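Enquirer: Structure below; questions to follow.
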4 protein chains.
Amino acid sequence: MASLPRPLSGIVPPMVTPLHDRDELDAAGLERLLEHVLAGGVSGLFVLGTTGEAASLGYRLRYELVQRVSEQVAGRVPVLVGITDTAFVESVRLAAHAADSGAQAVVLSSPYYHTVAQPELCEYLQHIVPELPLPVFLYNMPSLTKVPFALETLRRAMDLPQVIGIKDSSGDMGYFHQVGRLLAERPEWSLLIGPEDLLADAVLLAGAHGGVNGGANLVPRLYVELYEAAARRDLARVAELHGRVVRIVGTLYAVGHHGSAVIKGLKCALSLMGICDDFMAEPFRRFRAPEREAVRRHLLDLGLVS
Amino acid sequence: MASLPRPLSGIVPPMVTPLHDRDELDAAGLERLLEHVLAGGVSGLFVLGTTGEAASLGYRLRYELVQRVSEQVAGRVPVLVGITDTAFVESVRLAAHAADSGAQAVVLSSPYYHTVAQPELCEYLQHIVPELPLPVFLYNMPSLTKVPFALETLRRAMDLPQVIGIKDSSGDMGYFHQVGRLLAERPEWSLLIGPEDLLADAVLLAGAHGGVNGGANLVPRLYVELYEAAARRDLARVAELHGRVVRIVGTLYAVGHHGSAVIKGLKCALSLMGICDDFMAEPFRRFRAPEREAVRRHLLDLGLVS
Amino acid sequence: MASLPRPLSGIVPPMVTPLHDRDELDAAGLERLLEHVLAGGVSGLFVLGTTGEAASLGYRLRYELVQRVSEQVAGRVPVLVGITDTAFVESVRLAAHAADSGAQAVVLSSPYYHTVAQPELCEYLQHIVPELPLPVFLYNMPSLTKVPFALETLRRAMDLPQVIGIKDSSGDMGYFHQVGRLLAERPEWSLLIGPEDLLADAVLLAGAHGGVNGGANLVPRLYVELYEAAARRDLARVAELHGRVVRIVGTLYAVGHHGSAVIKGLKCALSLMGICDDFMAEPFRRFRAPEREAVRRHLLDLGLVS
Amino acid sequence: MASLPRPLSGIVPPMVTPLHDRDELDAAGLERLLEHVLAGGVSGLFVLGTTGEAASLGYRLRYELVQRVSEQVAGRVPVLVGITDTAFVESVRLAAHAADSGAQAVVLSSPYYHTVAQPELCEYLQHIVPELPLPVFLYNMPSLTKVPFALETLRRAMDLPQVIGIKDSSGDMGYFHQVGRLLAERPEWSLLIGPEDLLADAVLLAGAHGGVNGGANLVPRLYVELYEAAARRDLARVAELHGRVVRIVGTLYAVGHHGSAVIKGLKCALSLMGICDDFMAEPFRRFRAPEREAVRRHLLDLGLVS
């Protein structure tokens, strides 16, 4: 079984969930995707995150996915499992399944239907963390959960020994720098950044240990190399690789008009690269032909297909 | 089995879920609450809504609740079951269980983790509604789901024969009046209002058929009488009863500082009235002593306890 | 000079500002508009509000407008002048000019560039109100100022003897009912509602004394009659007139896609009715031909042009 | 007269406006502040920005300030004047005054009372820019104006020859990186960042030419050195100086609870350092004793007072 480095560093892709239908995994696509990503040198895998459409998947399929990924990864890298849920008991149940399947950690955001206040969020963490059988990464995703982890809440979560890191997908680098300052007291915590165009900033300047970046599904090597260049302070190389990432974000993720553009673009690109199906669980739907054609052109320009 | 009037009119309380623990129903409290509410003359029951903390409950408990409520109600009034979920397949599965348990309709809001755009929401409805075995009420709750049912989306949903009504909890009476105007073409649809302080406006002026009002857990008779007075255009009586409702909202629901104040206030009051336990599933927590004392004082002032 | 009834009741149109150019009044159009509106039986005039594009007008023109309106109205009804500004001293200066010109009251919202917190808003009111030479209406417009007048802030403003009323344009009837409950202690305060589709609700059920409704620029008689029917509790007549208002809102104000649709629709309609120019000060611009044609069709359907 | 480098690079402090009263400059404090800032090696001065409380100041005082600053600076560095206004004609009038006073450029955000849509914002720029007698920096400040400069709007503004740069205070580094990518086509445009904790990121990784950072009122040398270290790619020095900036943001700007904390903290600190009065124009108010004491302690810890 993979050990979980403390802190975990490098690139931990938030894995896309290949689907044939809303309740049917694309099992062959999943295998190809896992090997594609692992071959890129990633440090771990995060399944059942936002990019993995976790909330859109039925529980049966979520459990199956965790099982399959754990088996196929077989300890080559740590597997982190998203257990964010509106229901406490479902989070705990999924965490138990993750532990049983051999995963190394769970990832937990705020419950997201009701809008919780920060004191309520603190109490929630104090209640749930001790019931989880694996180490916990907090996941700050206020644009979707409506609720951030305020700095004061993080400060209090630092007293929970099972919490070992935070993934911040707020896109707010001001916040991220303050988190970095706060975590100076917890050298064994991992500080990971979600938005891939902020990876270089985060590692170079905020003490981040790596990224949980959607694009690493597609071109894992690019993100791994960017992380490594940033970690060794090779600014010229960072600039070059960061420029490629910014171009991916400004093209591949900007097809279509809705908030769903990033995941749709990723899945469509993976499909065009022959890695997996681009079926999406409701409420989303794969790109139609015109958007698919736009994604293909971007991939060509980026040199990712030929 | 209860028949489902078309349109359904009157008061349909969004039932509080009595709990002893986060995964344990307060079964005796549930029985008392049901009889208390039914004795008040309500026209139906809505279980697993926002007030019922549906999103915070594990699926096992949700299924048990639907079963118990259906059995105890035993056809005296229609039972509506909230099936809103981030996962399509869980909504469909719960709807099947609702049908099997003898419920009369399901209630469906927008999926609420990912932020869907209106064209995506339209497609979602076109996909899911035909898979549901019961008539469907749409549930507009943008403050929590992040996504309203835009008028154009409603217009398109009117072509789905299984959809038979809408419950609007947006609190936006301008929107509600336009919905009322739109639904003039669908006399068999029910137009129901969520916020109880808007019940009188909605029935008197916007063609609403009734309300799904949290306070009807507590004093069902008050809301039923207010609805009836509004339906028969008895303005003097409406003014008196509406004044009481506005006072409840301005006192009982204004204890505590967070968005959770309404549900906490309701559960606390039900507990003080001896009806059911006030345990709340995470991420919320029942009121502590000072808030409980404030609720008690308000109940005294309102003449609801002695 | 017009006296200012306490409370002021009835319809007080938020007057459109007829323009020939961004810094040039359409003086003849202004005269026609004023007589058109006064002939409709309104109870007062509110100049330099949101509908009047106040914030988009240079100060010279604002002063000229106040002067011209006061002169032409000549005491037939009270004139209320919007003095909301980001700069304290400009509000005070405009208020002095309003008093000099013979206006009867000023209307004040929250300063709207910086985002003020409620304690800051309270202090602001305590500082500015004593410096104003006329009675003050508060103006709740959070969608544009970013800051509401919280109930607690209103409660504290009730201690400022110069404040004599509130115009609420939040569109939040739940809030409005609580304001109505609060103002039961201040029978001489005017409670006025902004959104015209909420006028009937507000007067029938929330104790409102009238409305500051944009549509009253166009068809003042309709709004006056609706107010009067509501005030005398003539529900059948209210239903009929309210239905017309809801139809105006759902058609005339729904041309074009932006937040500016209401003012653009109003000005375009006034132009089509031959009352005044539809020039708009930047950042807006009058409707082009296709939108103008849509407005014309709606006016025809509504029987407002032939 | 100062020439305006193209692109302008380095630190351009958004100058605090020293006041004795809401309509009275602290003239001596202004002189001290200017010399303090200029001695720090800044590349320009931006007066009448958000930090300068521009919107809260009467026009007479704004004009006086521009005049005084221009005279005292006397061409040592370029002076940029904020002309953002809700009223087109007031922006143009202030721009003319800025030109007459010898300023080198104006800074323009979106009009901020009415909420403009992007096509309206594009047209606004096309109308106003040609009427301005000085080069124009766009100023992206969506948290206060409610409206961002969307990338497509920027792309269209690049065709306006008078526009020579953009200051982005959105705090959204994802957006900033895309702006940087866009501006690769306009090497003579200045790309400046507002939030000081993002200065290092912006210069190192996004091609920014410098910062418009509030803290440069206080310790101009720190920001100038940070900019210079970033520009010469001295990562070790950047890390050290950036850490100090992050600490300032996390302490000095975190006293008090409201959105006004940054400006209040800055003015209070300047007062404690003996540079200028901390009077604030409404709707804000200087810190009281407890907050002032907290600021003093932070300044001590930061080594900025002794």
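Just remember, in the structure tokens the first chain shown is A, the second B, etc., residues are 1-based per chain, and ligands are 1-based in the order shown.
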Counting only C-alpha atoms, give me one row per residue of chain D with an atom at most 10 Å from an atom of chain C, showing the shortest contact pair and its distance in Å to one decimal, sorted by chain then residue number, as JSON lines.

Expert:
{"residue": "D:Arg22", "atom": "CA", "partner": "C:Val89", "partner_atom": "CA", "distance": 7.6}
{"residue": "D:Asp23", "atom": "CA", "partner": "C:Val89", "partner_atom": "CA", "distance": 7.1}
{"residue": "D:Thr50", "atom": "CA", "partner": "C:His114", "partner_atom": "CA", "distance": 8.0}
{"residue": "D:Glu53", "atom": "CA", "partner": "C:His114", "partner_atom": "CA", "distance": 8.4}
{"residue": "D:Ala54", "atom": "CA", "partner": "C:Ala87", "partner_atom": "CA", "distance": 8.5}
{"residue": "D:Ala55", "atom": "CA", "partner": "C:Thr86", "partner_atom": "CA", "distance": 5.4}
{"residue": "D:Ser56", "atom": "CA", "partner": "C:Ala87", "partner_atom": "CA", "distance": 4.1}
{"residue": "D:Leu57", "atom": "CA", "partner": "C:Ala87", "partner_atom": "CA", "distance": 5.1}
{"residue": "D:Gly58", "atom": "CA", "partner": "C:Val89", "partner_atom": "CA", "distance": 5.5}
{"residue": "D:Tyr59", "atom": "CA", "partner": "C:Glu90", "partner_atom": "CA", "distance": 7.8}
{"residue": "D:Arg60", "atom": "CA", "partner": "C:Glu90", "partner_atom": "CA", "distance": 9.6}
{"residue": "D:Leu61", "atom": "CA", "partner": "C:Val89", "partner_atom": "CA", "distance": 9.9}
{"residue": "D:Asp85", "atom": "CA", "partner": "C:Ser56", "partner_atom": "CA", "distance": 8.4}
{"residue": "D:Thr86", "atom": "CA", "partner": "C:Ser56", "partner_atom": "CA", "distance": 5.2}
{"residue": "D:Ala87", "atom": "CA", "partner": "C:Ser56", "partner_atom": "CA", "distance": 4.1}
{"residue": "D:Phe88", "atom": "CA", "partner": "C:Glu282", "partner_atom": "CA", "distance": 6.3}
{"residue": "D:Val89", "atom": "CA", "partner": "C:Gly58", "partner_atom": "CA", "distance": 5.6}
{"residue": "D:Glu90", "atom": "CA", "partner": "C:Gly58", "partner_atom": "CA", "distance": 5.7}
{"residue": "D:Ser91", "atom": "CA", "partner": "C:Gly58", "partner_atom": "CA", "distance": 9.1}
{"residue": "D:Arg93", "atom": "CA", "partner": "C:Gly58", "partner_atom": "CA", "distance": 9.5}
{"residue": "D:Ser110", "atom": "CA", "partner": "C:Pro283", "partner_atom": "CA", "distance": 8.7}
{"residue": "D:Pro111", "atom": "CA", "partner": "C:Pro283", "partner_atom": "CA", "distance": 6.9}
{"residue": "D:Tyr112", "atom": "CA", "partner": "C:Tyr113", "partner_atom": "CA", "distance": 6.9}
{"residue": "D:Tyr113", "atom": "CA", "partner": "C:Leu144", "partner_atom": "CA", "distance": 5.9}
{"residue": "D:His114", "atom": "CA", "partner": "C:Leu144", "partner_atom": "CA", "distance": 6.3}
{"residue": "D:Thr115", "atom": "CA", "partner": "C:Gly259", "partner_atom": "CA", "distance": 6.5}
{"residue": "D:Val116", "atom": "CA", "partner": "C:Pro283", "partner_atom": "CA", "distance": 6.8}
{"residue": "D:Ala117", "atom": "CA", "partner": "C:His258", "partner_atom": "CA", "distance": 6.2}
{"residue": "D:Gln118", "atom": "CA", "partner": "C:His258", "partner_atom": "CA", "distance": 9.4}
{"residue": "D:Pro119", "atom": "CA", "partner": "C:His258", "partner_atom": "CA", "distance": 9.6}
{"residue": "D:Glu120", "atom": "CA", "partner": "C:Phe284", "partner_atom": "CA", "distance": 6.3}
{"residue": "D:Leu121", "atom": "CA", "partner": "C:Pro283", "partner_atom": "CA", "distance": 6.8}
{"residue": "D:Cys122", "atom": "CA", "partner": "C:Pro283", "partner_atom": "CA", "distance": 9.4}
{"residue": "D:Glu123", "atom": "CA", "partner": "C:Pro283", "partner_atom": "CA", "distance": 7.8}
{"residue": "D:Tyr124", "atom": "CA", "partner": "C:Pro283", "partner_atom": "CA", "distance": 5.5}
{"residue": "D:Leu125", "atom": "CA", "partner": "C:Pro283", "partner_atom": "CA", "distance": 9.0}
{"residue": "D:His127", "atom": "CA", "partner": "C:Glu282", "partner_atom": "CA", "distance": 8.5}
{"residue": "D:Ile128", "atom": "CA", "partner": "C:Glu282", "partner_atom": "CA", "distance": 9.0}
{"residue": "D:Ser143", "atom": "CA", "partner": "C:Thr115", "partner_atom": "CA", "distance": 9.0}
{"residue": "D:Leu144", "atom": "CA", "partner": "C:Tyr113", "partner_atom": "CA", "distance": 5.9}
{"residue": "D:Thr145", "atom": "CA", "partner": "C:Tyr113", "partner_atom": "CA", "distance": 6.8}
{"residue": "D:Lys146", "atom": "CA", "partner": "C:Leu144", "partner_atom": "CA", "distance": 8.6}
{"residue": "D:His257", "atom": "CA", "partner": "C:Ala117", "partner_atom": "CA", "distance": 8.9}
{"residue": "D:His258", "atom": "CA", "partner": "C:Ala117", "partner_atom": "CA", "distance": 6.2}
{"residue": "D:Gly259", "atom": "CA", "partner": "C:Thr115", "partner_atom": "CA", "distance": 6.5}
{"residue": "D:Ser260", "atom": "CA", "partner": "C:Val116", "partner_atom": "CA", "distance": 7.4}
{"residue": "D:Ala281", "atom": "CA", "partner": "C:Phe88", "partner_atom": "CA", "distance": 7.8}
{"residue": "D:Glu282", "atom": "CA", "partner": "C:Phe88", "partner_atom": "CA", "distance": 6.3}
{"residue": "D:Pro283", "atom": "CA", "partner": "C:Tyr124", "partner_atom": "CA", "distance": 5.5}
{"residue": "D:Phe284", "atom": "CA", "partner": "C:Glu120", "partner_atom": "CA", "distance": 6.3}
{"residue": "D:Arg285", "atom": "CA", "partner": "C:Glu120", "partner_atom": "CA", "distance": 7.8}

Enquirer: Identify, on the basis of only C-alpha atoms, every residue whose closest approach to C:Leu205 does not exceed 10 Å; exclude the query and any residue fewer than 4 positions from it along the same chain; express the result as a list in words.

Expert: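 With the cut-off at 10 Å, the set is Leu198, Ala200, Asp201, Leu204, Leu235, Val238, Ala239, Glu240, His242 and Gly243 of chain B; His177, Gly180, Leu199, Ala200, Asp201 and Ala230 of chain C.
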
Enquirer: Tell me which protein, DNA and RNA residues are within 12 Å of B:Pro18, counting only C-alpha atoms, leaving out same-chain ones fewer than 6 positions away, and put them as a ChimeraX atom specification.

Expert: /B:24-34,47-48,51-54,57,61-62,65,69,217,263-264,266-268,270-271,274-281,286

Enquirer: Would you save the residues from that selection as a compact mmCIF listing (two decimals), in the first residue's frame, using N, CA and C atoms?

Expert:
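For reference, part18.txt as written:
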# COMPACT_ATOMS: atom_id res chain seq x y z
N GLU B 24 -31.12 8.78 13.36
CA GLU B 24 -32.20 8.10 14.09
C GLU B 24 -33.42 9.01 14.21
N LEU B 25 -34.50 8.57 13.64
CA LEU B 25 -35.74 9.33 13.74
C LEU B 25 -36.25 9.34 15.17
N ASP B 26 -36.90 10.43 15.53
CA ASP B 26 -37.70 10.48 16.75
C ASP B 26 -39.08 9.99 16.34
N ALA B 27 -39.28 8.69 16.41
CA ALA B 27 -40.48 8.10 15.81
C ALA B 27 -41.75 8.56 16.53
N ALA B 28 -41.68 8.64 17.84
CA ALA B 28 -42.87 9.09 18.57
C ALA B 28 -43.14 10.55 18.27
N GLY B 29 -42.09 11.34 18.20
CA GLY B 29 -42.24 12.75 17.86
C GLY B 29 -42.82 12.92 16.46
N LEU B 30 -42.37 12.08 15.57
CA LEU B 30 -42.89 12.14 14.20
C LEU B 30 -44.39 11.86 14.19
N GLU B 31 -44.81 10.86 14.95
CA GLU B 31 -46.25 10.56 15.03
C GLU B 31 -47.03 11.75 15.58
N ARG B 32 -46.49 12.31 16.67
CA ARG B 32 -47.19 13.46 17.26
C ARG B 32 -47.26 14.62 16.28
N LEU B 33 -46.14 14.86 15.63
CA LEU B 33 -46.10 15.99 14.68
C LEU B 33 -47.10 15.79 13.55
N LEU B 34 -47.14 14.59 13.02
CA LEU B 34 -48.07 14.32 11.93
C LEU B 34 -49.52 14.55 12.36
N VAL B 47 -42.67 16.11 2.64
CA VAL B 47 -41.54 15.63 3.44
C VAL B 47 -40.26 15.74 2.63
N LEU B 48 -39.16 15.83 3.32
CA LEU B 48 -37.83 15.89 2.70
C LEU B 48 -37.63 17.18 1.89
N THR B 51 -36.91 22.56 4.99
CA THR B 51 -37.28 22.59 6.40
C THR B 51 -37.12 21.21 7.04
N GLY B 52 -37.26 20.18 6.24
CA GLY B 52 -37.09 18.81 6.72
C GLY B 52 -35.64 18.37 6.76
N GLU B 53 -34.73 19.30 6.52
CA GLU B 53 -33.30 18.99 6.55
C GLU B 53 -32.94 17.83 5.62
N ALA B 54 -33.67 17.67 4.54
CA ALA B 54 -33.49 16.49 3.69
C ALA B 54 -32.03 16.28 3.31
N LEU B 57 -29.73 14.46 5.72
CA LEU B 57 -30.09 13.13 6.20
C LEU B 57 -29.50 12.06 5.30
N LEU B 61 -32.23 6.85 6.21
CA LEU B 61 -33.21 7.55 7.02
C LEU B 61 -34.26 8.23 6.15
N ARG B 62 -33.84 8.77 5.03
CA ARG B 62 -34.84 9.38 4.14
C ARG B 62 -35.88 8.35 3.71
N LEU B 65 -38.18 7.53 6.56
CA LEU B 65 -39.11 8.62 6.83
C LEU B 65 -40.29 8.57 5.86
N VAL B 69 -44.08 8.05 7.16
CA VAL B 69 -45.08 9.11 6.96
C VAL B 69 -46.23 8.58 6.11
N ASN B 217 -45.95 23.68 10.61
CA ASN B 217 -45.57 22.61 11.52
C ASN B 217 -46.03 22.92 12.94
N ILE B 263 -35.04 27.13 10.68
CA ILE B 263 -35.25 25.72 11.03
C ILE B 263 -34.95 25.49 12.50
N LYS B 264 -33.90 26.12 13.00
CA LYS B 264 -33.58 25.95 14.42
C LYS B 264 -34.72 26.47 15.29
N LEU B 266 -37.88 26.74 14.49
CA LEU B 266 -39.03 25.85 14.38
C LEU B 266 -38.86 24.62 15.25
N LYS B 267 -37.70 23.98 15.13
CA LYS B 267 -37.49 22.74 15.89
C LYS B 267 -37.49 23.01 17.39
N CYS B 268 -36.87 24.10 17.77
CA CYS B 268 -36.84 24.46 19.18
C CYS B 268 -38.25 24.69 19.70
N LEU B 270 -41.05 23.50 18.48
CA LEU B 270 -41.78 22.22 18.54
C LEU B 270 -41.39 21.43 19.77
N SER B 271 -40.12 21.53 20.13
CA SER B 271 -39.65 20.84 21.33
C SER B 271 -40.28 21.46 22.57
N GLY B 274 -43.62 20.41 23.24
CA GLY B 274 -43.80 19.00 23.59
C GLY B 274 -44.12 18.10 22.41
N ILE B 275 -43.87 18.58 21.22
CA ILE B 275 -44.26 17.77 20.06
C ILE B 275 -43.16 16.82 19.62
N CYS B 276 -41.94 17.34 19.52
CA CYS B 276 -40.85 16.42 19.10
C CYS B 276 -39.50 16.94 19.55
N ASP B 277 -38.52 16.10 19.41
CA ASP B 277 -37.14 16.41 19.75
C ASP B 277 -36.63 17.53 18.84
N ASP B 278 -35.69 18.31 19.34
CA ASP B 278 -35.14 19.37 18.51
C ASP B 278 -33.72 19.05 18.01
N PHE B 279 -33.34 17.80 18.09
CA PHE B 279 -32.03 17.44 17.54
C PHE B 279 -31.97 17.83 16.07
N MET B 280 -30.81 18.38 15.65
CA MET B 280 -30.65 18.71 14.24
C MET B 280 -29.46 17.95 13.68
N ALA B 281 -29.63 17.48 12.45
CA ALA B 281 -28.52 16.83 11.77
C ALA B 281 -27.48 17.89 11.42
N ARG B 286 -28.91 22.01 17.44
CA ARG B 286 -30.04 22.65 18.12
C ARG B 286 -29.57 23.89 18.88

Enquirer: From the DSSP assignment of the backbone, select every residue of stretch 68-284 of chain B that is helix (DSSP H, G or I), and format the answer as a ChimeraX atom specification.

Expert: /B:68-73,88-101,118-131,142-145,151-157,173-185,196-205,214-217,220-231,235-254,261-272

Enquirer: Run DSSP on the backbone and grab whatever in stretch 61-296 of chain D lands in strand (DSSP E); send it over as a ChimeraX atom specification.

Expert: /D:79-82,105-108,136-140,163-168,190-193,210-211

Enquirer: Export, as an mmCIF file, in the first residue's frame, the selected residues with N, CA and C atoms.

Expert:
data_model
loop_
_atom_site.group_PDB
_atom_site.id
_atom_site.type_symbol
_atom_site.label_atom_id
_atom_site.label_comp_id
_atom_site.auth_asym_id
_atom_site.auth_seq_id
_atom_site.Cartn_x
_atom_site.Cartn_y
_atom_site.Cartn_z
ATOM 1 N N VAL D 79 1.720 61.874 -12.596
ATOM 2 C CA VAL D 79 0.542 61.844 -11.730
ATOM 3 C C VAL D 79 -0.637 61.302 -12.536
ATOM 4 N N LEU D 80 -1.259 60.273 -11.983
ATOM 5 C CA LEU D 80 -2.446 59.672 -12.600
ATOM 6 C C LEU D 80 -3.648 60.071 -11.755
ATOM 7 N N VAL D 81 -4.720 60.488 -12.401
ATOM 8 C CA VAL D 81 -5.876 60.996 -11.675
ATOM 9 C C VAL D 81 -7.088 60.117 -11.940
ATOM 10 N N GLY D 82 -7.678 59.647 -10.874
ATOM 11 C CA GLY D 82 -8.896 58.840 -10.991
ATOM 12 C C GLY D 82 -10.078 59.703 -11.392
ATOM 13 N N ALA D 105 -1.972 61.319 -16.792
ATOM 14 C CA ALA D 105 -2.908 60.299 -17.268
ATOM 15 C C ALA D 105 -4.132 60.290 -16.369
ATOM 16 N N VAL D 106 -5.187 59.657 -16.861
ATOM 17 C CA VAL D 106 -6.375 59.457 -16.032
ATOM 18 C C VAL D 106 -6.638 57.958 -15.891
ATOM 19 N N VAL D 107 -7.412 57.636 -14.863
ATOM 20 C CA VAL D 107 -7.707 56.241 -14.536
ATOM 21 C C VAL D 107 -9.217 56.100 -14.450
ATOM 22 N N LEU D 108 -9.757 55.134 -15.160
ATOM 23 C CA LEU D 108 -11.202 55.070 -15.371
ATOM 24 C C LEU D 108 -11.730 53.666 -15.124
ATOM 25 N N VAL D 136 -5.286 57.023 -20.945
ATOM 26 C CA VAL D 136 -6.244 56.413 -20.024
ATOM 27 C C VAL D 136 -5.758 55.033 -19.562
ATOM 28 N N PHE D 137 -5.786 54.855 -18.250
ATOM 29 C CA PHE D 137 -5.656 53.516 -17.675
ATOM 30 C C PHE D 137 -7.041 53.023 -17.303
ATOM 31 N N LEU D 138 -7.369 51.798 -17.690
ATOM 32 C CA LEU D 138 -8.608 51.200 -17.208
ATOM 33 C C LEU D 138 -8.359 50.636 -15.807
ATOM 34 N N TYR D 139 -9.421 50.552 -15.049
ATOM 35 C CA TYR D 139 -9.304 50.189 -13.638
ATOM 36 C C TYR D 139 -10.387 49.156 -13.343
ATOM 37 N N ASN D 140 -9.959 47.937 -13.168
ATOM 38 C CA ASN D 140 -10.898 46.845 -12.940
ATOM 39 C C ASN D 140 -11.115 46.656 -11.446
ATOM 40 N N VAL D 163 -6.077 54.399 -24.794
ATOM 41 C CA VAL D 163 -5.968 53.536 -23.614
ATOM 42 C C VAL D 163 -4.567 52.934 -23.595
ATOM 43 N N ILE D 164 -3.900 53.064 -22.457
ATOM 44 C CA ILE D 164 -2.498 52.646 -22.425
ATOM 45 C C ILE D 164 -2.191 51.658 -21.311
ATOM 46 N N GLY D 165 -3.215 51.219 -20.620
ATOM 47 C CA GLY D 165 -2.895 50.263 -19.577
ATOM 48 C C GLY D 165 -4.114 49.884 -18.782
ATOM 49 N N ILE D 166 -3.911 48.943 -17.900
ATOM 50 C CA ILE D 166 -4.990 48.518 -17.026
ATOM 51 C C ILE D 166 -4.431 48.252 -15.639
ATOM 52 N N LYS D 167 -5.184 48.708 -14.664
ATOM 53 C CA LYS D 167 -4.915 48.363 -13.274
ATOM 54 C C LYS D 167 -5.997 47.400 -12.849
ATOM 55 N N ASP D 168 -5.607 46.231 -12.424
ATOM 56 C CA ASP D 168 -6.585 45.228 -12.023
ATOM 57 C C ASP D 168 -6.576 45.055 -10.508
ATOM 58 N N SER D 190 0.591 49.235 -20.046
ATOM 59 C CA SER D 190 1.017 48.872 -18.690
ATOM 60 C C SER D 190 -0.005 47.933 -18.081
ATOM 61 N N LEU D 191 0.497 46.894 -17.474
ATOM 62 C CA LEU D 191 -0.374 45.989 -16.725
ATOM 63 C C LEU D 191 0.032 46.114 -15.263
ATOM 64 N N LEU D 192 -0.864 46.662 -14.467
ATOM 65 C CA LEU D 192 -0.553 46.952 -13.064
ATOM 66 C C LEU D 192 -1.530 46.196 -12.168
ATOM 67 N N ILE D 193 -1.033 45.774 -11.034
ATOM 68 C CA ILE D 193 -1.866 44.989 -10.114
ATOM 69 C C ILE D 193 -2.183 45.818 -8.881
ATOM 70 N N GLY D 210 4.068 46.387 -12.784
ATOM 71 C CA GLY D 210 4.188 46.995 -11.481
ATOM 72 C C GLY D 210 2.898 46.937 -10.711
ATOM 73 N N GLY D 211 2.836 47.731 -9.643
ATOM 74 C CA GLY D 211 1.694 47.667 -8.756
ATOM 75 C C GLY D 211 1.185 49.026 -8.332
#

Enquirer: As an exercise, work out the distance from atom CA of B:Ala74 to atom CA of B:Ser109 in Å and give it to one decimal place.

Expert: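 Computing it gives 26.1 Å between the two atoms.
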
Enquirer: Just the residues within 9 Å of A:Arg155, please, counting only C-alpha atoms, with nothing from its chain fewer than 5 positions along; format it as a VMD selection string.

Expert: chain A and resid 150 182 to 183

Enquirer: So that I have them on file, write out the residues from the current selection with C-alpha atoms, as a JSON list (two decimals), in the first residue's frame.

Expert:
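That gives us again-v8.json:
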[["chain", "number", "residue", "atom", "x", "y", "z"],
["A", 150, "ALA", "CA", -12.38, 31.31, 6.82],
["A", 182, "LEU", "CA", -0.84, 30.42, 8.80],
["A", 183, "LEU", "CA", 0.50, 27.01, 7.85]]
